[in-house]
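Right, one structure below, let's go through it.
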Amino acid sequence: MLDRRTLLATAAALMATPAAAARKPTNPKFPEAFLWGAATAPHQIEGNNIASDLWWLENQQPTIFAQPSGDACNSFELWEADLDIVKAMGLNCYRFGIEWARIEPEKGLFSQAMLDHYKAVIDGCRARGLTPIVTYSHFTAPRWFSAQGGWTNPESASLFARYCDKATRALGQGIDRVITLNEPNILLLLKPMLPPKVWDIQKLTLETAARRLGVDRFVSANVAGLDDLPALQSGLLAAHKAGKAAIKAVRSDLPVGFSLAMMDDQAVGKASVRDRMRRELYGEWLELAKADDFIGVQNYERALWGDKGRLPAPSGATVNWSGSEVWGPSLGGAVRYAHEATGVPILVSEHGVGTDDDAIRARFIPEALAGLKAAMDDGVPVLGYCHWSLLDNFEWIFGYKPKFGLVSVDPQSFARTPKPSAAIYGAIARRNAL
């Protein structure tokens, strides 16, 4: 028997869907300069990021992490193989990150060898005709940084700016555009989703980490306590501004933005809390993005908001590994709102689905891209699309269980095997059309 909330959500799926997102695009062809990419993050694929804050947290007892990252995909060694796969798929762009903890493993100690390593990756992209989009901070930070309170420390913005300066001087000439921070609002999204027990375990993990290091506070960008969130957001907002200024001081023509975790938020009923939730989840960040060169949109799902909160997914919906709804048009909806709120160009810096069933991914990609192209036909400036992820990789506190990759990775041999969805996505990119 369907309860009232499920019935409301099912009706909302029909009524709240923007007509433009549901219709076919007027022109299946994308602009000539459109970027077709795959996205990765250094900690999630490189392996053995031992100087980072999350490596320390993964290896606590107790810990919120299901398992440690370990060797990950061994991409620190196999990055050339990864670039070859991106090229072979027919893509023209690669979004990846440089790892602050490798570049500055101790406070004030910068590694030329690591800067040279990432320069080689950038040069490798260029040699293969791949546009490099580089993230300077994809959640992780040096252990020493988080051991002094991380982004809640008043010194954090200036330390990040110093790192951005060093990185841009060494790497900036080869980069196409920079994402300073990845999903700095992620904990705001997770705040109402994660049960209190998870927040308690996170806090216990952080307290254990601090005690083992003999420091007062240990705080990271994607593992924090509820009481850390206000100071964490303030620190991240300041860090983006300081980091962007440092980058522009070195190379003024280098486009800079950040990426935001965004749902396709849909209002259900007259008293829907959607607009209030949008302000809470994205408001300060969307305001900040108005002064940037672009904004990265990272969308994985929609949210149906009633008068008391989020409604469940419609009955019978296709779901991902965690039971959340998989709904292709959510990408178009999120992109439309991001541009409406900021007025700046959009880069889809992440979009994907965590599932063991690649057939779901294979259906999801063309459906989502149709909604994206419809938004573009309606005038939304979209620079490109980077699918998350190139590889099945380490998915933070959930370990290796969620499978987001276009390519599977053997955990022992590190052999890469493209999935059928990679061929479907690659075919769209090759013809630059749906």
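Residue names in the structure tokens use chain letters A, B, ... in the order shown, residue numbers from 1 in each chain, and ligand numbers from 1 in the order shown.
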
Q.
Quick one: residues within 7 Å of A:Thr135, only C-alpha atoms, excluding same-chain residues fewer than 6 positions away - as a PyMOL selection string?
A. chain A and resi 96-98+178-181

Can you list every residue of stretch 124-149 of chain A that has an atom at most 10 Å from stretch 89-95 of chain A, with its nearest atom pair and the distance in Å to one decimal, using only C-alpha atoms, ordered by chain then number, as a tab-separated table?
```
residue	atom	partner	partner_atom	distance
A:Cys125	CA	A:Tyr94	CA	7.4
A:Arg126	CA	A:Cys93	CA	9.5
A:Arg128	CA	A:Asn92	CA	8.5
A:Gly129	CA	A:Asn92	CA	6.3
A:Leu130	CA	A:Cys93	CA	4.5
A:Thr131	CA	A:Cys93	CA	4.4
A:Pro132	CA	A:Tyr94	CA	5.3
A:Ile133	CA	A:Arg95	CA	4.6
A:Val134	CA	A:Arg95	CA	5.8
A:Thr135	CA	A:Arg95	CA	7.4
```

Taking C-alpha atoms for each residue, export the selection above as a compact mmCIF listing (two decimals), in the first residue's frame.
```txt
# COMPACT_ATOMS: atom_id res chain seq x y z
CA CYS A 125 47.42 15.48 -21.65
CA ARG A 126 48.59 18.05 -24.18
CA ARG A 128 47.37 13.39 -26.52
CA GLY A 129 45.17 16.31 -27.47
CA LEU A 130 43.42 16.30 -24.08
CA THR A 131 42.48 19.60 -22.44
CA PRO A 132 43.71 19.51 -18.80
CA ILE A 133 41.29 20.83 -16.18
CA VAL A 134 43.09 20.75 -12.85
CA THR A 135 41.64 20.68 -9.34
```

Check the DSSP output for the backbone and give back, as a PDB file with C-alpha atoms, in the first residue's frame, the residues of stretch 98-300 of chain A in strand (DSSP E or B).
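states.pdb, freshly written:
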```
ATOM      1  CA  GLU A 106      55.402  19.362   5.630  1.00  0.00           C
ATOM      2  CA  LEU A 109      58.456  22.233   2.459  1.00  0.00           C
ATOM      3  CA  THR A 131      42.485  19.598 -22.439  1.00  0.00           C
ATOM      4  CA  PRO A 132      43.707  19.506 -18.803  1.00  0.00           C
ATOM      5  CA  ILE A 133      41.287  20.828 -16.182  1.00  0.00           C
ATOM      6  CA  VAL A 134      43.089  20.751 -12.847  1.00  0.00           C
ATOM      7  CA  THR A 135      41.638  20.677  -9.336  1.00  0.00           C
ATOM      8  CA  TYR A 136      43.931  22.143  -6.692  1.00  0.00           C
ATOM      9  CA  SER A 137      42.111  20.681  -3.668  1.00  0.00           C
ATOM     10  CA  PRO A 142      48.290  17.753   4.085  1.00  0.00           C
ATOM     11  CA  ARG A 177      41.296  26.033 -16.280  1.00  0.00           C
ATOM     12  CA  VAL A 178      41.522  25.591 -12.507  1.00  0.00           C
ATOM     13  CA  ILE A 179      38.987  24.318  -9.995  1.00  0.00           C
ATOM     14  CA  THR A 180      40.245  25.597  -6.646  1.00  0.00           C
ATOM     15  CA  LEU A 181      38.007  23.518  -4.368  1.00  0.00           C
ATOM     16  CA  ASN A 182      35.921  20.430  -5.049  1.00  0.00           C
ATOM     17  CA  VAL A 256      39.304  29.945 -12.237  1.00  0.00           C
ATOM     18  CA  GLY A 257      36.210  28.614 -10.480  1.00  0.00           C
ATOM     19  CA  PHE A 258      35.150  25.983  -7.958  1.00  0.00           C
ATOM     20  CA  SER A 259      32.822  23.010  -8.228  1.00  0.00           C
ATOM     21  CA  LEU A 260      29.588  22.708  -6.287  1.00  0.00           C
ATOM     22  CA  ALA A 261      27.614  19.628  -5.299  1.00  0.00           C
ATOM     23  CA  ASP A 264      18.096  19.155  -9.061  1.00  0.00           C
ATOM     24  CA  ASP A 265      15.843  20.624  -6.378  1.00  0.00           C
ATOM     25  CA  GLN A 266      12.154  20.459  -7.253  1.00  0.00           C
ATOM     26  CA  ALA A 267       9.295  22.018  -5.297  1.00  0.00           C
ATOM     27  CA  ILE A 295      31.211  27.311 -11.993  1.00  0.00           C
ATOM     28  CA  GLY A 296      31.595  23.556 -11.881  1.00  0.00           C
ATOM     29  CA  VAL A 297      28.290  21.731 -11.401  1.00  0.00           C
ATOM     30  CA  GLN A 298      28.429  18.242  -9.869  1.00  0.00           C
ATOM     31  CA  ASN A 299      25.082  16.529 -10.071  1.00  0.00           C
TER      32      ASN A 299
END
```

**Q.** Selected residue, from A:Glu350, A:Asp356, A:Glu301, A:Glu207, that lies nearest to A:Ser330 when counting only C-alpha atoms
**A.**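 The shortest atom-to-atom distance to A:Ser330 comes from A:Glu301.
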
Q. So which one's closest to A:Ser146, A:Ser52, A:Gln60, A:Gln112, A:Ser69? Using only C-alpha atoms, please.
A.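 The shortest atom-to-atom distance to A:Ser146 comes from A:Ser52.
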
**Q.** Residue nearest A:Met262 among A:Pro184, A:Gly384, A:Pro31, A:Gly343 (counting only C-alpha atoms)
**A.**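 Nearest to A:Met262: A:Pro184.
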
Q | Among listed residues A:Asp378, A:Glu367, A:Asp123, A:Asp307, nearest A:Val335 (using only C-alpha atoms) | A |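 Comparing A:Asp378, A:Glu367, A:Asp123, A:Asp307 against A:Val335, the winner is A:Asp378.
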
Q. Any idea what the distance is between atom CA of A:Asn59 and atom CA of A:Thr208?
A. 10.6 Å

Q. Contacts of A:Ala427 at 12 Å or less, counting only C-alpha atoms, minus same-chain residues fewer than 4 places along, as a list in words?
A. Trp36, Ala88, Met89, Gly90, Leu91, Ala362, Ile365, Pro366, Pro420, Ser421, Ala422, Ala423, Arg431, Asn432, Ala433 and Leu434 of chain A

Go ahead and write the selection's residues with all heavy atoms as a short mmCIF file (atom, residue, chain, number, x, y, z; two decimals), in the first residue's frame.
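Resulting contents of again_14.cif:
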```cif
data_model
loop_
_atom_site.label_atom_id
_atom_site.label_comp_id
_atom_site.auth_asym_id
_atom_site.auth_seq_id
_atom_site.Cartn_x
_atom_site.Cartn_y
_atom_site.Cartn_z
N TRP A 36 34.63 17.18 -23.89
CA TRP A 36 34.13 15.86 -23.49
C TRP A 36 35.20 15.20 -22.63
O TRP A 36 36.28 14.86 -23.12
CB TRP A 36 33.85 15.00 -24.72
CG TRP A 36 32.72 15.50 -25.57
CD1 TRP A 36 32.81 16.17 -26.75
CD2 TRP A 36 31.32 15.38 -25.28
NE1 TRP A 36 31.54 16.47 -27.23
CE2 TRP A 36 30.61 15.99 -26.35
CE3 TRP A 36 30.59 14.80 -24.24
CZ2 TRP A 36 29.21 16.04 -26.40
CZ3 TRP A 36 29.21 14.85 -24.28
CH2 TRP A 36 28.53 15.46 -25.35
N ALA A 88 41.67 7.01 -26.08
CA ALA A 88 41.10 5.92 -26.86
C ALA A 88 39.57 5.93 -26.84
O ALA A 88 38.92 5.48 -27.79
CB ALA A 88 41.61 4.58 -26.36
N MET A 89 38.99 6.44 -25.76
CA MET A 89 37.53 6.54 -25.68
C MET A 89 36.97 7.56 -26.65
O MET A 89 35.77 7.55 -26.94
CB MET A 89 37.12 6.93 -24.25
CG MET A 89 37.10 5.78 -23.27
SD MET A 89 36.71 6.37 -21.59
CE MET A 89 35.14 7.18 -21.87
N GLY A 90 37.81 8.46 -27.14
CA GLY A 90 37.34 9.50 -28.03
C GLY A 90 37.07 10.81 -27.34
O GLY A 90 36.46 11.72 -27.92
N LEU A 91 37.55 10.96 -26.09
CA LEU A 91 37.34 12.20 -25.34
C LEU A 91 38.43 13.20 -25.68
O LEU A 91 39.48 12.85 -26.21
CB LEU A 91 37.31 11.91 -23.84
CG LEU A 91 36.34 10.81 -23.38
CD1 LEU A 91 36.35 10.69 -21.86
CD2 LEU A 91 34.94 11.05 -23.89
N ALA A 362 24.80 3.00 -18.89
CA ALA A 362 24.74 3.12 -20.34
C ALA A 362 23.45 3.83 -20.79
O ALA A 362 23.46 4.57 -21.77
CB ALA A 362 24.83 1.74 -20.99
N ILE A 365 23.60 7.94 -19.27
CA ILE A 365 24.44 8.97 -19.90
C ILE A 365 23.72 9.67 -21.06
O ILE A 365 23.62 10.90 -21.07
CB ILE A 365 25.80 8.38 -20.34
CG1 ILE A 365 26.63 8.01 -19.11
CG2 ILE A 365 26.56 9.37 -21.21
CD1 ILE A 365 27.91 7.23 -19.44
N PRO A 366 23.19 8.95 -22.06
CA PRO A 366 22.50 9.65 -23.16
C PRO A 366 21.26 10.43 -22.70
O PRO A 366 20.99 11.52 -23.20
CB PRO A 366 22.11 8.52 -24.12
CG PRO A 366 23.01 7.39 -23.78
CD PRO A 366 23.27 7.50 -22.32
N PRO A 420 30.96 -1.37 -21.17
CA PRO A 420 30.16 -0.98 -22.34
C PRO A 420 29.74 0.49 -22.32
O PRO A 420 29.66 1.13 -23.37
CB PRO A 420 28.95 -1.92 -22.26
CG PRO A 420 29.48 -3.14 -21.58
CD PRO A 420 30.47 -2.64 -20.57
N SER A 421 29.49 1.04 -21.14
CA SER A 421 29.07 2.45 -21.05
C SER A 421 30.16 3.39 -21.57
O SER A 421 29.85 4.47 -22.09
CB SER A 421 28.72 2.81 -19.60
OG SER A 421 29.84 2.59 -18.74
N ALA A 422 31.43 2.98 -21.46
CA ALA A 422 32.52 3.81 -21.97
C ALA A 422 32.41 3.96 -23.48
O ALA A 422 32.66 5.04 -24.03
CB ALA A 422 33.87 3.20 -21.59
N ALA A 423 32.04 2.89 -24.17
CA ALA A 423 31.89 2.94 -25.62
C ALA A 423 30.70 3.82 -26.02
O ALA A 423 30.77 4.57 -27.01
CB ALA A 423 31.72 1.54 -26.18
N ARG A 431 31.26 11.88 -32.16
CA ARG A 431 30.43 12.56 -33.17
C ARG A 431 30.00 13.95 -32.70
O ARG A 431 29.39 14.70 -33.45
CB ARG A 431 29.24 11.71 -33.56
CG ARG A 431 28.23 11.39 -32.48
CD ARG A 431 27.06 10.56 -33.01
NE ARG A 431 26.13 10.19 -31.95
CZ ARG A 431 26.12 9.02 -31.34
NH1 ARG A 431 27.00 8.08 -31.66
NH2 ARG A 431 25.24 8.78 -30.37
N ASN A 432 30.34 14.27 -31.42
CA ASN A 432 29.97 15.57 -30.84
C ASN A 432 28.49 15.83 -30.98
O ASN A 432 28.02 16.96 -31.21
CB ASN A 432 30.77 16.70 -31.49
CG ASN A 432 30.79 17.98 -30.65
OD1 ASN A 432 30.82 17.91 -29.43
ND2 ASN A 432 30.74 19.12 -31.31
N ALA A 433 27.71 14.77 -30.81
CA ALA A 433 26.26 14.87 -30.98
C ALA A 433 25.60 13.69 -30.31
O ALA A 433 26.20 12.61 -30.16
CB ALA A 433 25.89 14.91 -32.46
N LEU A 434 24.36 13.87 -29.92
CA LEU A 434 23.59 12.79 -29.31
C LEU A 434 23.29 11.70 -30.33
O LEU A 434 23.22 11.96 -31.53
CB LEU A 434 22.29 13.34 -28.73
CG LEU A 434 22.47 14.34 -27.57
CD1 LEU A 434 21.17 15.05 -27.27
CD2 LEU A 434 22.98 13.59 -26.33
#
```

Q: Just list the residues in stretch 72-169 of chain A DSSP gives alpha helix (DSSP H) on the backbone, as a ChimeraX atom specification.
A: /A:75-89,100-103,112-127,143-146,156-169

Q | Interatomic distance (Å, one decimal) between atom CA of A:Ala374 and atom CA of A:His387 | A | 18.1 Å

Q: For stretch 242-251 of chain A, work out the shell of residues within 7 Å, counting only C-alpha atoms and skipping chain neighbours fewer than 6 positions away, then give it as a list in words.
A: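 These residues fall inside the cut-off: Ala157, Ser158, Phe160, Ala161, Cys164, Asp165, Thr168, Arg169 and Thr180 of chain A.
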
Exercise: A:Pro381 partners within 8 Å, only C-alpha atoms, chain neighbours under 4 positions left out, as a PDB file with all heavy atoms, in the first residue's frame:
```pdb
ATOM      1  N   HIS A 339      23.172  28.384 -13.557  1.00  0.00           N
ATOM      2  CA  HIS A 339      23.393  29.545 -14.421  1.00  0.00           C
ATOM      3  C   HIS A 339      22.433  30.677 -14.068  1.00  0.00           C
ATOM      4  O   HIS A 339      22.826  31.856 -14.038  1.00  0.00           O
ATOM      5  CB  HIS A 339      23.234  29.159 -15.884  1.00  0.00           C
ATOM      6  CG  HIS A 339      23.417  30.329 -16.810  1.00  0.00           C
ATOM      7  ND1 HIS A 339      24.604  31.029 -16.896  1.00  0.00           N
ATOM      8  CD2 HIS A 339      22.553  30.951 -17.649  1.00  0.00           C
ATOM      9  CE1 HIS A 339      24.476  32.014 -17.769  1.00  0.00           C
ATOM     10  NE2 HIS A 339      23.241  31.992 -18.228  1.00  0.00           N
ATOM     11  N   VAL A 344      27.179  32.933 -14.763  1.00  0.00           N
ATOM     12  CA  VAL A 344      28.482  32.581 -15.339  1.00  0.00           C
ATOM     13  C   VAL A 344      28.370  31.275 -16.127  1.00  0.00           C
ATOM     14  O   VAL A 344      27.433  30.496 -15.935  1.00  0.00           O
ATOM     15  CB  VAL A 344      29.573  32.460 -14.249  1.00  0.00           C
ATOM     16  CG1 VAL A 344      29.746  33.780 -13.510  1.00  0.00           C
ATOM     17  CG2 VAL A 344      29.259  31.323 -13.282  1.00  0.00           C
ATOM     18  N   PRO A 345      29.338  31.006 -17.018  1.00  0.00           N
ATOM     19  CA  PRO A 345      29.323  29.746 -17.761  1.00  0.00           C
ATOM     20  C   PRO A 345      29.416  28.531 -16.836  1.00  0.00           C
ATOM     21  O   PRO A 345      29.981  28.607 -15.738  1.00  0.00           O
ATOM     22  CB  PRO A 345      30.551  29.849 -18.666  1.00  0.00           C
ATOM     23  CG  PRO A 345      30.824  31.310 -18.781  1.00  0.00           C
ATOM     24  CD  PRO A 345      30.425  31.899 -17.459  1.00  0.00           C
ATOM     25  N   ILE A 346      28.883  27.409 -17.312  1.00  0.00           N
ATOM     26  CA  ILE A 346      28.831  26.173 -16.535  1.00  0.00           C
ATOM     27  C   ILE A 346      29.795  25.149 -17.104  1.00  0.00           C
ATOM     28  O   ILE A 346      29.870  24.956 -18.319  1.00  0.00           O
ATOM     29  CB  ILE A 346      27.404  25.573 -16.573  1.00  0.00           C
ATOM     30  CG1 ILE A 346      26.357  26.586 -16.117  1.00  0.00           C
ATOM     31  CG2 ILE A 346      27.341  24.293 -15.742  1.00  0.00           C
ATOM     32  CD1 ILE A 346      26.488  27.059 -14.701  1.00  0.00           C
ATOM     33  N   MET A 376      21.147  23.837 -23.032  1.00  0.00           N
ATOM     34  CA  MET A 376      22.033  24.636 -23.884  1.00  0.00           C
ATOM     35  C   MET A 376      21.247  25.281 -25.027  1.00  0.00           C
ATOM     36  O   MET A 376      21.474  26.444 -25.368  1.00  0.00           O
ATOM     37  CB  MET A 376      23.163  23.755 -24.429  1.00  0.00           C
ATOM     38  CG  MET A 376      24.106  23.237 -23.352  1.00  0.00           C
ATOM     39  SD  MET A 376      25.290  21.983 -23.936  1.00  0.00           S
ATOM     40  CE  MET A 376      26.315  22.972 -25.020  1.00  0.00           C
TER      41      MET A 376
END
```

(Q) So that I can check the surroundings of A:Leu391, please list as a ChimeraX atom specification every protein, DNA and RNA residue that reaches within 10 Å of it, counting only C-alpha atoms and ignoring chain neighbours fewer than 5 positions away. (A) /A:38-40,44-45,73,75,82,403-409,416-418

Keeping only N, CA, C and O atoms, write those residues as a CSV table (one decimal), in the first residue's frame.
```csv
chain,number,residue,atom,x,y,z
A,38,ALA,N,36.5,13.0,-18.8
A,38,ALA,CA,36.3,12.1,-17.7
A,38,ALA,C,37.0,12.7,-16.5
A,38,ALA,O,38.1,13.4,-16.7
A,39,ALA,N,36.5,12.5,-15.3
A,39,ALA,CA,37.1,13.1,-14.1
A,39,ALA,C,37.6,12.1,-13.1
A,39,ALA,O,37.1,11.0,-13.0
A,40,THR,N,38.7,12.5,-12.4
A,40,THR,CA,39.3,11.7,-11.3
A,40,THR,C,39.7,12.7,-10.2
A,40,THR,O,39.7,13.9,-10.4
A,44,GLN,N,41.8,9.5,-4.7
A,44,GLN,CA,40.9,8.3,-5.0
A,44,GLN,C,41.6,7.3,-6.0
A,44,GLN,O,41.1,6.2,-6.1
A,45,ILE,N,42.6,7.8,-6.8
A,45,ILE,CA,43.1,6.9,-7.8
A,45,ILE,C,44.7,6.7,-7.6
A,45,ILE,O,45.2,5.6,-8.0
A,73,CYS,N,44.1,2.9,-7.3
A,73,CYS,CA,44.2,2.4,-8.7
A,73,CYS,C,45.7,2.4,-9.2
A,73,CYS,O,46.0,2.1,-10.3
A,75,SER,N,47.4,4.9,-9.8
A,75,SER,CA,47.5,5.9,-10.9
A,75,SER,C,48.7,6.8,-10.8
A,75,SER,O,49.0,7.5,-11.7
A,82,ASP,N,46.1,5.7,-17.9
A,82,ASP,CA,44.9,6.4,-17.8
A,82,ASP,C,44.6,7.4,-18.9
A,82,ASP,O,43.5,7.5,-19.5
A,403,LYS,N,30.6,1.7,-7.3
A,403,LYS,CA,31.3,1.6,-8.6
A,403,LYS,C,30.8,2.7,-9.5
A,403,LYS,O,29.7,2.6,-10.1
A,404,PHE,N,31.6,3.8,-9.7
A,404,PHE,CA,31.2,4.9,-10.5
A,404,PHE,C,31.9,4.9,-11.9
A,404,PHE,O,31.7,5.8,-12.7
A,405,GLY,N,32.9,4.0,-12.1
A,405,GLY,CA,33.8,4.1,-13.2
A,405,GLY,C,33.2,3.7,-14.6
A,405,GLY,O,32.3,2.8,-14.7
A,406,LEU,N,33.7,4.4,-15.6
A,406,LEU,CA,33.5,3.9,-17.0
A,406,LEU,C,34.5,2.7,-17.3
A,406,LEU,O,34.3,2.0,-18.2
A,407,VAL,N,35.4,2.6,-16.4
A,407,VAL,CA,36.5,1.5,-16.5
A,407,VAL,C,36.6,0.8,-15.2
A,407,VAL,O,36.7,1.5,-14.1
A,408,SER,N,36.6,-0.5,-15.2
A,408,SER,CA,36.9,-1.2,-14.0
A,408,SER,C,38.4,-1.4,-13.8
A,408,SER,O,39.2,-1.4,-14.7
A,409,VAL,N,38.8,-1.6,-12.5
A,409,VAL,CA,40.2,-1.8,-12.1
A,409,VAL,C,40.4,-3.0,-11.3
A,409,VAL,O,39.7,-3.1,-10.2
A,416,ARG,N,43.1,-2.3,-16.3
A,416,ARG,CA,42.0,-1.5,-16.5
A,416,ARG,C,41.1,-2.1,-17.7
A,416,ARG,O,41.7,-2.5,-18.7
A,417,THR,N,39.8,-2.2,-17.5
A,417,THR,CA,38.9,-2.8,-18.5
A,417,THR,C,37.7,-1.9,-18.7
A,417,THR,O,36.9,-1.7,-17.8
A,418,PRO,N,37.7,-1.2,-19.9
A,418,PRO,CA,36.5,-0.4,-20.2
A,418,PRO,C,35.2,-1.2,-20.2
A,418,PRO,O,35.1,-2.3,-20.6
```

Q. So which one's closest to A:Glu77, A:Ala224, A:Val121, A:Ala303, A:Ala341? Using only C-alpha atoms, please.
A. A:Val121

**Q.** Point-to-point distance from atom CA of A:Ala41 to atom CA of A:Trp388, Å rounded to tenths
**A.** 9.7 Å

Q. Near A:Leu213, counting only C-alpha atoms, which residues have an atom at most 12 Å away, once you skip same-chain residues fewer than 6 positions from it, shown as JSON, numbers by chain?
A. {"A": [53, 56, 57, 60, 143, 144, 146, 147, 148, 206, 207]}
